[in-house]
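Below is the file upload.cif, which contains mmCIF, C-alpha atoms and all ligand atoms.
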```
data_input
#
loop_
_atom_site.label_atom_id
_atom_site.label_comp_id
_atom_site.auth_asym_id
_atom_site.auth_seq_id
_atom_site.Cartn_x
_atom_site.Cartn_y
_atom_site.Cartn_z
CA MET Z 1 6.77 24.58 6.67
CA SER Z 2 3.62 24.09 8.68
CA LEU Z 3 2.18 20.64 9.17
CA PRO Z 4 -1.52 19.91 9.25
CA LEU Z 5 -0.82 18.13 12.52
CA GLU Z 6 -1.09 20.06 15.73
CA PHE Z 7 1.01 17.67 17.78
CA PHE Z 8 3.93 17.01 15.44
CA ASN Z 9 6.29 19.80 14.46
CA TYR Z 10 9.89 20.69 13.72
CA GLN Z 11 12.19 21.69 16.55
CA ASN Z 12 15.78 22.59 15.73
CA GLY Z 13 15.19 21.20 12.29
CA VAL Z 14 14.03 17.74 13.39
CA LEU Z 15 10.49 16.38 13.40
CA THR Z 16 9.38 16.01 17.01
CA SER Z 17 6.30 15.39 19.07
CA GLY Z 18 5.80 16.44 22.66
CA GLY Z 19 9.48 17.35 22.86
CA VAL Z 20 10.64 13.92 21.66
CA SER Z 21 12.80 13.82 18.53
CA LEU Z 22 11.54 11.28 16.04
CA GLU Z 23 15.14 10.81 14.96
CA ASN Z 24 15.76 9.20 18.37
CA VAL Z 25 12.69 7.02 17.93
CA ALA Z 26 13.85 5.88 14.48
CA ARG Z 27 17.35 5.21 15.72
CA SER Z 28 16.34 3.20 18.77
CA VAL Z 29 13.27 1.35 17.48
CA GLY Z 30 14.05 1.15 13.76
CA THR Z 31 11.71 1.71 10.84
CA PRO Z 32 8.99 1.43 9.74
CA VAL Z 33 7.41 2.51 13.01
CA TYR Z 34 4.08 4.07 13.92
CA VAL Z 35 4.55 6.97 16.32
CA TYR Z 36 1.58 8.27 18.30
CA SER Z 37 1.13 11.31 20.51
CA ALA Z 38 -0.90 10.78 23.69
CA GLU Z 39 -1.86 14.45 23.78
CA ALA Z 40 -3.11 14.27 20.21
CA PHE Z 41 -5.51 11.43 21.09
CA LEU Z 42 -6.75 13.25 24.17
CA HIS Z 43 -7.29 16.66 22.60
CA PRO Z 44 -10.31 15.74 20.44
CA LEU Z 45 -11.66 13.46 23.18
CA ARG Z 46 -11.65 16.42 25.58
CA GLN Z 47 -13.28 18.66 22.99
CA LEU Z 48 -16.12 16.18 22.57
CA GLN Z 49 -16.44 15.77 26.34
CA ALA Z 50 -16.59 19.55 26.75
CA GLY Z 51 -19.17 19.89 23.97
CA LEU Z 52 -21.44 17.34 25.64
CA ALA Z 53 -20.60 18.25 29.25
CA GLU Z 54 -24.17 19.37 29.96
CA GLU Z 55 -25.66 16.15 28.64
CA ASN Z 56 -25.89 12.59 29.84
CA HIS Z 57 -23.44 11.12 27.37
CA MET Z 58 -20.86 8.44 26.62
CA ILE Z 59 -18.08 8.68 24.06
CA CYS Z 60 -17.19 5.23 22.78
CA PHE Z 61 -13.93 5.23 20.86
CA ALA Z 62 -14.17 3.12 17.70
CA VAL Z 63 -11.52 0.54 18.52
CA LYS Z 64 -11.20 -0.58 14.92
CA SER Z 65 -9.51 2.72 14.04
CA ASN Z 66 -6.60 2.07 16.40
CA SER Z 67 -6.77 -0.98 18.62
CA ASN Z 68 -3.47 -0.88 20.48
CA ILE Z 69 -4.20 -1.77 24.11
CA ALA Z 70 -2.02 1.07 25.45
CA VAL Z 71 -4.07 3.51 23.37
CA LEU Z 72 -7.33 2.03 24.68
CA LYS Z 73 -6.01 2.29 28.23
CA LEU Z 74 -5.02 5.90 27.69
CA LEU Z 75 -8.45 6.85 26.35
CA GLY Z 76 -10.25 4.71 28.92
CA SER Z 77 -8.35 6.42 31.75
CA GLN Z 78 -9.75 9.73 30.52
CA GLY Z 79 -13.34 8.56 30.54
CA ALA Z 80 -13.82 7.08 27.07
CA GLY Z 81 -15.89 3.97 26.49
CA MET Z 82 -15.32 1.67 23.51
CA ASP Z 83 -17.21 0.77 20.36
CA LEU Z 84 -16.33 -2.81 19.45
CA VAL Z 85 -16.91 -4.76 16.27
CA SER Z 86 -15.53 -8.19 17.13
CA GLY Z 87 -14.71 -10.63 19.90
CA GLY Z 88 -11.05 -9.79 19.36
CA GLU Z 89 -11.74 -6.14 20.09
CA LEU Z 90 -13.71 -7.18 23.16
CA SER Z 91 -10.67 -9.02 24.47
CA ARG Z 92 -8.57 -5.91 23.84
CA ALA Z 93 -11.07 -3.77 25.78
CA GLN Z 94 -10.90 -6.31 28.57
CA ALA Z 95 -7.08 -6.18 28.61
CA ALA Z 96 -7.29 -2.39 28.76
CA GLY Z 97 -9.63 -2.60 31.76
CA ILE Z 98 -12.62 -0.95 30.09
CA ALA Z 99 -15.79 -1.30 32.16
CA ALA Z 100 -18.60 -3.41 30.70
CA ASN Z 101 -21.14 -0.60 30.98
CA LYS Z 102 -18.89 1.53 28.77
CA THR Z 103 -18.80 -0.80 25.78
CA VAL Z 104 -21.11 -1.19 22.80
CA PHE Z 105 -20.89 -3.83 20.11
CA SER Z 106 -21.52 -2.81 16.48
CA GLY Z 107 -21.25 -4.70 13.22
CA ILE Z 108 -23.47 -6.66 10.87
CA GLY Z 109 -21.98 -10.11 11.37
CA LYS Z 110 -21.69 -10.88 15.06
CA THR Z 111 -21.32 -14.60 15.68
CA LYS Z 112 -23.10 -16.38 18.51
CA THR Z 113 -19.74 -16.93 20.18
CA GLU Z 114 -19.07 -13.20 20.12
CA MET Z 115 -22.55 -12.46 21.44
CA SER Z 116 -22.04 -14.89 24.28
CA LEU Z 117 -18.67 -13.32 25.22
CA ALA Z 118 -20.19 -9.84 25.15
CA LEU Z 119 -23.22 -10.87 27.23
CA GLN Z 120 -20.93 -12.30 29.88
CA TYR Z 121 -18.34 -9.52 29.75
CA GLN Z 122 -17.51 -8.76 33.39
CA ASN Z 123 -20.61 -10.72 34.29
CA GLN Z 124 -23.02 -7.79 33.76
CA GLY Z 125 -22.52 -7.78 29.98
CA ILE Z 126 -21.88 -4.86 27.66
CA PHE Z 127 -23.94 -1.67 27.64
CA SER Z 128 -25.61 -2.44 24.32
CA PHE Z 129 -25.57 -4.47 21.13
CA ASN Z 130 -26.18 -2.37 18.04
CA VAL Z 131 -28.29 -4.89 16.13
CA GLU Z 132 -28.37 -4.63 12.36
CA SER Z 133 -30.91 -7.21 11.20
CA ILE Z 134 -33.85 -9.35 12.30
CA PRO Z 135 -31.97 -12.66 11.92
CA GLU Z 136 -29.20 -11.21 14.09
CA LEU Z 137 -31.77 -10.31 16.75
CA HIS Z 138 -33.06 -13.91 16.66
CA SER Z 139 -29.56 -15.23 17.29
CA LEU Z 140 -28.98 -12.77 20.11
CA ASN Z 141 -32.32 -13.70 21.67
CA GLU Z 142 -31.30 -17.39 21.63
CA VAL Z 143 -27.88 -16.72 23.11
CA ALA Z 144 -29.42 -14.55 25.84
CA ARG Z 145 -32.03 -17.23 26.63
CA ASP Z 146 -29.38 -19.93 26.90
CA LEU Z 147 -27.35 -17.75 29.28
CA ASN Z 148 -30.43 -16.61 31.17
CA LYS Z 149 -29.35 -12.99 30.69
CA LYS Z 150 -31.29 -10.15 29.10
CA ALA Z 151 -29.58 -8.45 26.15
CA ARG Z 152 -29.83 -4.67 25.92
CA VAL Z 153 -29.95 -3.53 22.33
CA ALA Z 154 -30.12 -0.56 20.03
CA LEU Z 155 -31.46 -1.09 16.53
CA ARG Z 156 -29.20 0.28 13.84
CA PHE Z 157 -31.17 2.52 11.57
CA ASN Z 158 -30.10 3.08 7.97
CA PRO Z 159 -31.46 6.58 7.36
CA ASP Z 160 -30.71 6.51 3.62
CA VAL Z 161 -28.77 9.77 3.50
CA ASN Z 162 -25.77 10.36 1.26
CA PRO Z 163 -22.72 11.22 3.35
CA ARG Z 164 -20.86 12.40 0.23
CA THR Z 165 -17.70 10.58 1.14
CA HIS Z 166 -15.73 7.81 -0.57
CA PRO Z 167 -18.09 4.96 -1.62
CA TYR Z 168 -16.07 2.42 0.38
CA ILE Z 169 -16.69 4.34 3.59
CA SER Z 170 -20.30 5.40 3.12
CA THR Z 171 -22.63 3.21 5.12
CA GLY Z 172 -25.94 5.00 5.50
CA LEU Z 173 -27.40 4.58 2.04
CA LYS Z 174 -30.24 2.21 1.17
CA LYS Z 175 -27.89 0.26 -1.09
CA ASN Z 176 -25.34 -0.27 1.75
CA LYS Z 177 -25.32 -3.48 3.75
CA PHE Z 178 -25.69 -1.69 7.09
CA GLY Z 179 -28.65 -1.20 9.39
CA MET Z 180 -32.41 -1.52 8.93
CA ASN Z 181 -34.89 0.85 7.34
CA ARG Z 182 -37.72 2.59 9.14
CA LYS Z 183 -40.33 0.04 8.10
CA GLU Z 184 -38.27 -2.93 9.25
CA ILE Z 185 -37.61 -1.31 12.60
CA LEU Z 186 -41.24 -0.43 13.22
CA GLN Z 187 -42.38 -3.95 12.31
CA LEU Z 188 -39.76 -5.38 14.61
CA VAL Z 189 -40.84 -3.19 17.50
CA GLY Z 190 -44.38 -4.48 16.98
CA ILE Z 191 -43.36 -8.10 17.54
CA LEU Z 192 -40.59 -7.49 20.04
CA GLU Z 193 -42.36 -8.49 23.22
CA LYS Z 194 -43.87 -11.62 21.75
CA GLU Z 195 -40.93 -12.96 19.77
CA PHE Z 196 -37.87 -11.59 21.51
CA ARG Z 197 -38.41 -12.20 25.19
CA TRP Z 198 -34.71 -11.94 26.06
CA ILE Z 199 -34.21 -8.60 24.34
CA GLU Z 200 -34.60 -5.19 25.92
CA LEU Z 201 -34.81 -2.42 23.34
CA HIS Z 202 -33.07 0.64 24.78
CA GLY Z 203 -31.90 2.67 21.82
CA ILE Z 204 -31.56 3.57 18.17
CA SER Z 205 -28.14 3.78 16.57
CA ILE Z 206 -26.80 5.16 13.31
CA HIS Z 207 -23.45 5.48 11.59
CA ILE Z 208 -23.75 6.99 8.14
CA GLY Z 209 -20.18 6.93 6.92
CA SER Z 210 -16.65 8.00 7.57
CA GLN Z 211 -14.53 11.07 6.85
CA LEU Z 212 -17.63 13.32 6.69
CA LEU Z 213 -16.63 16.85 5.76
CA SER Z 214 -19.95 18.55 6.35
CA LEU Z 215 -22.59 18.42 9.06
CA SER Z 216 -25.46 18.54 6.59
CA PRO Z 217 -25.76 14.77 5.97
CA LEU Z 218 -25.74 14.33 9.74
CA ARG Z 219 -28.50 16.92 10.08
CA ASP Z 220 -30.57 15.00 7.51
CA ALA Z 221 -29.93 11.78 9.39
CA PHE Z 222 -30.77 13.34 12.78
CA ASP Z 223 -34.12 14.56 11.42
CA ARG Z 224 -34.96 11.02 10.38
CA VAL Z 225 -33.73 9.58 13.67
CA GLN Z 226 -35.99 11.96 15.60
CA THR Z 227 -39.00 10.90 13.57
CA LEU Z 228 -38.14 7.25 14.07
CA ILE Z 229 -37.56 7.59 17.84
CA ASP Z 230 -40.98 9.22 18.19
CA GLU Z 231 -42.64 6.46 16.21
CA VAL Z 232 -40.85 3.75 18.16
CA ASN Z 233 -41.67 5.38 21.49
CA SER Z 234 -45.35 5.46 20.61
CA LYS Z 235 -45.24 1.64 20.41
CA LEU Z 236 -43.20 1.00 23.56
CA LYS Z 237 -44.32 0.86 27.19
CA GLN Z 238 -41.04 2.35 28.32
CA PRO Z 239 -39.52 5.01 26.01
CA LEU Z 240 -36.03 4.56 24.52
CA ARG Z 241 -33.17 5.45 26.85
CA PHE Z 242 -30.40 6.31 24.47
CA VAL Z 243 -29.46 7.30 20.97
CA ASP Z 244 -26.11 6.27 19.49
CA LEU Z 245 -25.05 8.69 16.75
CA GLY Z 246 -22.06 6.72 15.49
CA GLY Z 247 -18.80 8.28 14.38
CA GLY Z 248 -17.58 9.46 11.03
CA LEU Z 249 -16.57 13.07 11.49
CA GLY Z 250 -13.74 13.87 9.08
CA ILE Z 251 -10.23 15.12 9.78
CA THR Z 252 -7.75 17.17 7.79
CA TYR Z 253 -5.41 15.01 5.73
CA GLN Z 254 -4.48 17.63 3.17
CA ALA Z 255 -6.36 20.90 3.28
CA GLU Z 256 -9.92 19.71 3.86
CA ARG Z 257 -12.02 22.03 5.96
CA THR Z 258 -13.69 19.93 8.63
CA PRO Z 259 -16.63 20.81 10.83
CA SER Z 260 -15.50 21.92 14.29
CA LEU Z 261 -16.16 19.53 17.12
CA GLU Z 262 -17.90 22.38 18.91
CA LYS Z 263 -20.42 22.84 16.08
CA TYR Z 264 -20.85 19.07 15.84
CA CYS Z 265 -21.70 18.86 19.54
CA GLU Z 266 -24.04 21.86 19.30
CA LEU Z 267 -25.96 20.11 16.55
CA ILE Z 268 -26.19 16.92 18.61
CA CYS Z 269 -27.43 18.81 21.67
CA LYS Z 270 -30.01 20.67 19.61
CA TYR Z 271 -31.49 17.43 18.30
CA PHE Z 272 -31.16 15.11 21.26
CA GLY Z 273 -30.03 17.04 24.35
CA LYS Z 274 -31.65 18.75 27.31
CA ARG Z 275 -33.09 21.52 25.19
CA SER Z 276 -34.35 19.15 22.50
CA PRO Z 277 -37.87 17.67 22.50
CA TYR Z 278 -36.43 14.81 24.60
CA LYS Z 279 -35.54 17.18 27.44
CA GLY Z 280 -32.55 15.16 28.60
CA SER Z 281 -34.37 11.82 28.72
CA LEU Z 282 -32.00 10.29 26.14
CA LYS Z 283 -28.43 9.39 26.88
CA ILE Z 284 -26.25 10.41 23.93
CA LEU Z 285 -23.63 7.97 22.65
CA LEU Z 286 -20.96 8.73 20.07
CA GLU Z 287 -18.56 6.34 18.34
CA PRO Z 288 -15.72 8.51 17.03
CA GLY Z 289 -12.73 6.70 15.58
CA ARG Z 290 -10.73 8.74 13.08
CA THR Z 291 -11.70 12.01 14.81
CA ILE Z 292 -9.70 10.87 17.83
CA SER Z 293 -6.94 8.74 16.36
CA GLY Z 294 -6.39 9.97 12.77
CA ASN Z 295 -4.06 12.86 13.40
CA ALA Z 296 -2.57 11.31 16.52
CA GLY Z 297 -0.07 9.19 14.61
CA ILE Z 298 2.47 9.15 11.81
CA LEU Z 299 4.31 6.34 10.08
CA LEU Z 300 8.05 6.86 10.10
CA THR Z 301 9.83 5.10 7.27
CA GLU Z 302 13.29 4.99 5.72
CA VAL Z 303 14.18 5.58 2.10
CA LEU Z 304 15.71 2.32 0.89
CA TYR Z 305 16.53 3.53 -2.58
CA ARG Z 306 16.10 6.49 -4.83
CA LYS Z 307 15.38 5.33 -8.33
CA GLU Z 308 15.68 8.18 -10.76
CA ARG Z 309 13.95 8.00 -14.09
CA LYS Z 310 13.40 10.51 -16.82
CA GLN Z 311 9.62 10.41 -16.44
CA LYS Z 312 9.42 9.74 -12.75
CA ASP Z 313 11.64 9.81 -9.75
CA PHE Z 314 10.85 7.07 -7.21
CA LEU Z 315 11.62 6.87 -3.51
CA ILE Z 316 11.37 3.26 -2.43
CA LEU Z 317 10.48 3.11 1.26
CA ASP Z 318 10.82 0.39 3.86
CA ALA Z 319 7.08 0.76 4.64
CA GLY Z 320 4.62 -0.87 2.28
CA MET Z 321 0.91 -1.18 1.64
CA ASN Z 322 0.81 -4.01 4.16
CA ASP Z 323 1.78 -1.48 6.86
CA LEU Z 324 -0.56 1.31 5.72
CA ILE Z 325 -3.15 0.29 3.18
CA ARG Z 326 -5.28 3.44 2.97
CA PRO Z 327 -3.67 4.92 -0.17
CA ALA Z 328 -3.98 1.58 -2.00
CA LEU Z 329 -7.49 0.82 -0.74
CA TYR Z 330 -9.18 4.23 -0.88
CA GLU Z 331 -6.73 6.25 -2.99
CA SER Z 332 -6.46 8.38 0.11
CA TYR Z 333 -4.07 11.27 0.54
CA HIS Z 334 -1.42 11.37 3.25
CA GLY Z 335 1.00 14.24 3.72
CA VAL Z 336 4.67 13.24 3.59
CA VAL Z 337 7.44 15.26 5.23
CA PRO Z 338 11.16 14.65 5.70
CA LEU Z 339 12.47 13.84 9.18
CA PHE Z 340 14.89 16.74 8.85
CA GLN Z 341 13.29 20.01 7.99
CA GLU Z 342 14.04 21.21 4.50
CA SER Z 343 15.22 24.77 4.12
CA ALA Z 344 13.43 27.13 1.80
CA ARG Z 345 16.54 27.25 -0.39
CA ASP Z 346 16.78 23.50 -0.90
CA PRO Z 347 15.97 22.57 -4.46
CA LYS Z 348 12.86 20.41 -4.66
CA ARG Z 349 11.81 17.75 -7.03
CA LYS Z 350 8.68 15.75 -7.62
CA VAL Z 351 8.98 12.19 -6.36
CA THR Z 352 6.67 9.21 -6.19
CA LEU Z 353 6.83 7.38 -2.87
CA VAL Z 354 6.32 3.64 -3.12
CA GLY Z 355 6.70 0.59 -0.92
CA PRO Z 356 8.57 -2.66 -1.56
CA VAL Z 357 5.47 -4.85 -2.01
CA CYS Z 358 4.95 -6.53 -5.36
CA GLU Z 359 1.82 -4.61 -6.34
CA SER Z 360 1.55 -1.43 -8.38
CA ALA Z 361 -1.02 -0.21 -5.85
CA ASP Z 362 1.78 -0.12 -3.27
CA CYS Z 363 2.19 3.62 -3.64
CA PHE Z 364 1.83 6.18 -0.84
CA ALA Z 365 2.03 9.37 -2.85
CA GLU Z 366 2.36 10.37 -6.50
CA GLN Z 367 4.55 13.22 -7.64
CA ARG Z 368 5.12 15.03 -4.36
CA LEU Z 369 7.42 17.98 -4.14
CA LEU Z 370 10.16 16.97 -1.69
CA PRO Z 371 13.82 18.00 -1.26
CA SER Z 372 15.87 16.65 -4.15
CA SER Z 373 18.59 15.82 -1.63
CA LEU Z 374 16.46 13.04 -0.06
CA LYS Z 375 18.44 9.85 -0.51
CA LYS Z 376 19.04 6.30 0.65
CA GLY Z 377 19.05 6.13 4.45
CA ASP Z 378 16.99 9.30 5.04
CA CYS Z 379 13.63 9.08 6.79
CA VAL Z 380 10.25 10.54 5.95
CA ALA Z 381 7.03 10.64 7.95
CA ILE Z 382 3.71 9.66 6.41
CA LEU Z 383 1.28 11.90 8.25
CA SER Z 384 -2.23 11.33 9.63
CA SER Z 385 -1.69 7.59 9.98
CA GLY Z 386 -3.15 7.12 13.47
CA ALA Z 387 -6.50 5.78 12.25
CA TYR Z 388 -6.87 2.68 10.07
CA GLY Z 389 -3.10 2.45 9.87
CA PHE Z 390 -1.68 -0.27 12.08
CA SER Z 391 -5.17 -1.67 12.70
CA MET Z 392 -5.43 -2.52 8.99
CA ALA Z 393 -1.85 -3.73 8.67
CA SER Z 394 -1.26 -7.25 7.37
CA ASN Z 395 1.58 -9.64 6.80
CA TYR Z 396 1.25 -9.60 3.00
CA ASN Z 397 4.53 -10.52 1.31
CA SER Z 398 5.35 -12.15 4.68
CA ARG Z 399 6.39 -8.81 6.07
CA PRO Z 400 6.46 -8.48 9.85
CA ARG Z 401 4.13 -5.72 11.04
CA PRO Z 402 5.87 -2.56 12.28
CA ALA Z 403 6.46 -1.45 15.87
CA GLU Z 404 4.20 1.12 17.56
CA VAL Z 405 5.49 3.86 19.84
CA LEU Z 406 3.59 6.21 22.14
CA ILE Z 407 4.91 9.62 23.15
CA GLN Z 408 3.63 10.82 26.50
CA ASP Z 409 4.97 13.22 29.13
CA GLY Z 410 8.07 14.05 27.11
CA LYS Z 411 9.10 10.40 26.73
CA PHE Z 412 8.51 7.64 24.25
CA ARG Z 413 7.88 3.97 24.79
CA VAL Z 414 7.29 0.99 22.55
CA ILE Z 415 3.65 -0.10 22.90
CA ARG Z 416 3.96 -2.92 20.40
CA GLU Z 417 7.12 -4.65 19.40
CA ARG Z 418 8.02 -5.10 15.79
CA GLU Z 419 7.00 -8.59 14.70
CA SER Z 420 9.76 -11.12 14.25
CA TYR Z 421 10.09 -13.85 11.65
CA GLU Z 422 9.24 -16.28 14.43
CA ASP Z 423 5.96 -14.43 14.98
CA LEU Z 424 5.26 -14.82 11.27
CA LEU Z 425 5.69 -18.58 11.34
CA ARG Z 426 3.74 -19.19 14.53
CA GLY Z 427 0.76 -21.48 14.11
CA GLU Z 428 1.83 -23.01 10.86
CA ILE Z 429 1.95 -26.79 10.71
CA PHE Z 430 4.48 -28.33 8.37
C1 LIG Z 501 -16.17 2.51 11.65
C2 LIG Z 501 -17.27 2.84 12.58
C3 LIG Z 501 -17.15 3.93 13.44
C4 LIG Z 501 -16.00 4.87 13.44
O1 LIG Z 501 -15.90 5.59 12.25
P1 LIG Z 501 -14.89 6.82 12.12
O2 LIG Z 501 -15.10 7.32 10.74
O3 LIG Z 501 -13.52 6.29 12.32
O4 LIG Z 501 -15.25 7.82 13.16
C5 LIG Z 501 -18.17 4.14 14.34
N1 LIG Z 501 -19.27 3.32 14.38
C6 LIG Z 501 -19.40 2.27 13.55
C7 LIG Z 501 -20.61 1.42 13.65
C8 LIG Z 501 -18.42 1.99 12.62
O5 LIG Z 501 -18.56 0.96 11.79
#
```

Represent the structure contained in this file as structure tokens.
Amino acid sequence: MSLPLEFFNYQNGVLTSGGVSLENVARSVGTPVYVYSAEAFLHPLRQLQAGLAEENHMICFAVKSNSNIAVLKLLGSQGAGMDLVSGGELSRAQAAGIAANKTVFSGIGKTKTEMSLALQYQNQGIFSFNVESIPELHSLNEVARDLNKKARVALRFNPDVNPRTHPYISTGLKKNKFGMNRKEILQLVGILEKEFRWIELHGISIHIGSQLLSLSPLRDAFDRVQTLIDEVNSKLKQPLRFVDLGGGLGITYQAERTPSLEKYCELICKYFGKRSPYKGSLKILLEPGRTISGNAGILLTEVLYRKERKQKDFLILDAGMNDLIRPALYESYHGVVPLFQESARDPKRKVTLVGPVCESADCFAEQRLLPSSLKKGDCVAILSSGAYGFSMASNYNSRPRPAEVLIQDGKFRVIRERESYEDLLRGEIF
């Protein structure tokens, strides 16, 4: 059976990654456990770097998709910058040793405390704030004035294009809360010098949505960004220095056909690169999250019970929606495979895989064809869990969050310990 994951496969009948048997991981670390492949993170990063090699560019990994410090260090060591959305993520970037000039700060609700931390990050401050509203720019201007430091910003443009993805992860429509429209941005540019003395406008940013399966909404957005950049430049003394094109490129969870990273980069170069009307004057920033981390991880979980019913056969797992919320939150699909490879002769049966949490939404997969021999004590892997998996995990039902393991150079190591009950109680006053 072939997996949609390039970096996880069966060897001698056991699911492995980079030569490491996941049976060993499960036995020594326990379950549930997130298992990541270093090579799998680096492969798409290198493809993006190769696609933009001719351009002045910076690839800022969207930390929110997978914020483990060891993962950030790995990506940072290979040249990635970071896209941050909170002060907490800034402190993670700092722990991972990411240089200030390789970090951008996105998000519609930055607090003044967060702005102040980011402006003082490694003294020089971050590369850019992606500002999403006029009131936010006022706050940033005040913080910058109080610190006597200029704030470099990009204005986040909402291009009003439909990314044709799940409504919860589309962000570039007029009705979405993100970004500013063309009129707002142009008005703002008009009053920038007078009203925002501590702000330096260096770029325009967009991020139209996540899990995009076609380049055409991006093409529509890029057209509008070009028009806007030209209009903005006509009002500025010094033209914009960069364009931040966000993230959002989709990955294969099931059988989706995704745009190749090569084609994606070609499109970017055509619109904004050396051979575009900007002739290399714009630095190109990207903020890929899922593209890099999505298929770099799986969630390994044990079958606690098999509960056979006439209508439905349930496998109750030791992982729950608190560990991986995507199926419950977005009704998203994740492949599920057994730790031990099934043989073609094994009889199969449809099962519904659920977690132990007291919510009917705590279901990973409905009616999947899996070996009918799967029973109590066996393990299965929930695939494509590297993005928005652990980073969205919670302690709901007072469940400790799972361990995280990284496979690199033929070895595995724990990069986050499983939480203990002590961890759960910490901070409570009673
Ligand atoms: C979430 C987000 C990203 C990353 O999105 P992916 O779909 O994971 O690539 C990038 N930029 C911004 C501003 C975001 O909010």

Is it possible to get the residues within 10 Å of (18.4, 16.8, -6.2) (coordinates as in the file, counting all atoms listed in the file) written as number ranges by chain? Z: 346-350, 370-375

Using only C-alpha atoms and all ligand atoms, find each protein or nucleic acid residue lying at most 10 Å from ligand LIG 501 (chain Z); present the set as a tab-separated table (two decimals) with C-alpha atoms, in the coordinates of the input.
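So the final result, stored in out29.tsv, reads:
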```
chain	number	residue	atom	x	y	z
Z	60	CYS	CA	-17.19	5.23	22.78
Z	61	PHE	CA	-13.93	5.23	20.86
Z	62	ALA	CA	-14.17	3.12	17.70
Z	63	VAL	CA	-11.52	0.54	18.52
Z	64	LYS	CA	-11.20	-0.58	14.92
Z	65	SER	CA	-9.51	2.72	14.04
Z	66	ASN	CA	-6.60	2.07	16.40
Z	82	MET	CA	-15.32	1.67	23.51
Z	83	ASP	CA	-17.21	0.77	20.36
Z	84	LEU	CA	-16.33	-2.81	19.45
Z	85	VAL	CA	-16.91	-4.76	16.27
Z	104	VAL	CA	-21.11	-1.19	22.80
Z	105	PHE	CA	-20.89	-3.83	20.11
Z	106	SER	CA	-21.52	-2.81	16.48
Z	107	GLY	CA	-21.25	-4.70	13.22
Z	108	ILE	CA	-23.47	-6.66	10.87
Z	130	ASN	CA	-26.18	-2.37	18.04
Z	132	GLU	CA	-28.37	-4.63	12.36
Z	156	ARG	CA	-29.20	0.28	13.84
Z	169	ILE	CA	-16.69	4.34	3.59
Z	170	SER	CA	-20.30	5.40	3.12
Z	171	THR	CA	-22.63	3.21	5.12
Z	178	PHE	CA	-25.69	-1.69	7.09
Z	179	GLY	CA	-28.65	-1.20	9.39
Z	205	SER	CA	-28.14	3.78	16.57
Z	206	ILE	CA	-26.80	5.16	13.31
Z	207	HIS	CA	-23.45	5.48	11.59
Z	208	ILE	CA	-23.75	6.99	8.14
Z	209	GLY	CA	-20.18	6.93	6.92
Z	210	SER	CA	-16.65	8.00	7.57
Z	211	GLN	CA	-14.53	11.07	6.85
Z	212	LEU	CA	-17.63	13.32	6.69
Z	244	ASP	CA	-26.11	6.27	19.49
Z	245	LEU	CA	-25.05	8.69	16.75
Z	246	GLY	CA	-22.06	6.72	15.49
Z	247	GLY	CA	-18.80	8.28	14.38
Z	248	GLY	CA	-17.58	9.46	11.03
Z	249	LEU	CA	-16.57	13.07	11.49
Z	250	GLY	CA	-13.74	13.87	9.08
Z	251	ILE	CA	-10.23	15.12	9.78
Z	286	LEU	CA	-20.96	8.73	20.07
Z	287	GLU	CA	-18.56	6.34	18.34
Z	288	PRO	CA	-15.72	8.51	17.03
Z	289	GLY	CA	-12.73	6.70	15.58
Z	290	ARG	CA	-10.73	8.74	13.08
Z	291	THR	CA	-11.70	12.01	14.81
Z	292	ILE	CA	-9.70	10.87	17.83
Z	293	SER	CA	-6.94	8.74	16.36
Z	294	GLY	CA	-6.39	9.97	12.77
Z	387	ALA	CA	-6.50	5.78	12.25
Z	388	TYR	CA	-6.87	2.68	10.07
```

Applying 8 Å and only C-alpha atoms, which residues near Z:Gly97 remain after dropping the ones on its own chain fewer than 4 positions away? List them as an mmCIF file with C-alpha atoms, in the coordinates of the input.
```
data_model
loop_
_atom_site.group_PDB
_atom_site.id
_atom_site.type_symbol
_atom_site.label_atom_id
_atom_site.label_comp_id
_atom_site.auth_asym_id
_atom_site.auth_seq_id
_atom_site.Cartn_x
_atom_site.Cartn_y
_atom_site.Cartn_z
ATOM 1 C CA LYS Z 73 -6.010 2.290 28.230
ATOM 2 C CA GLY Z 76 -10.250 4.710 28.920
ATOM 3 C CA ALA Z 93 -11.070 -3.770 25.780
#
```

Counting all atoms listed in the file, closest pick from Z:Asn141, Z:Thr111, Z:Asn395, Z:Ser116 relative to Z:Lys194 is Z:Asn141

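As for atom CA of Z:Leu48 and atom CA of Z:Ile407, they are spaced 22.0 Å apart.
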
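Checking Z:Gly88, Z:Gly51, Z:Pro327, Z:Pro44 one by one against Z:Leu75, counting only C-alpha atoms, you find the shortest gap at Z:Pro44.
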
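Of the listed residues (Z:Ala319, Z:Ala50, Z:Ile382, Z:Leu117), Z:Ala50 comes nearest to Z:Glu262; the distances count only C-alpha atoms.
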
Within 9 Å of stretch 142-150 of chain Z using all atoms listed in the file, minus same-chain residues under 6 positions, as a tab-separated table (two decimals) with C-alpha atoms, in the frame of the given file:
```tsv
chain	number	residue	atom	x	y	z
Z	112	LYS	CA	-23.10	-16.38	18.51
Z	113	THR	CA	-19.74	-16.93	20.18
Z	115	MET	CA	-22.55	-12.46	21.44
Z	116	SER	CA	-22.04	-14.89	24.28
Z	119	LEU	CA	-23.22	-10.87	27.23
Z	120	GLN	CA	-20.93	-12.30	29.88
Z	124	GLN	CA	-23.02	-7.79	33.76
Z	125	GLY	CA	-22.52	-7.78	29.98
Z	196	PHE	CA	-37.87	-11.59	21.51
Z	197	ARG	CA	-38.41	-12.20	25.19
Z	198	TRP	CA	-34.71	-11.94	26.06
Z	199	ILE	CA	-34.21	-8.60	24.34
Z	200	GLU	CA	-34.60	-5.19	25.92
```
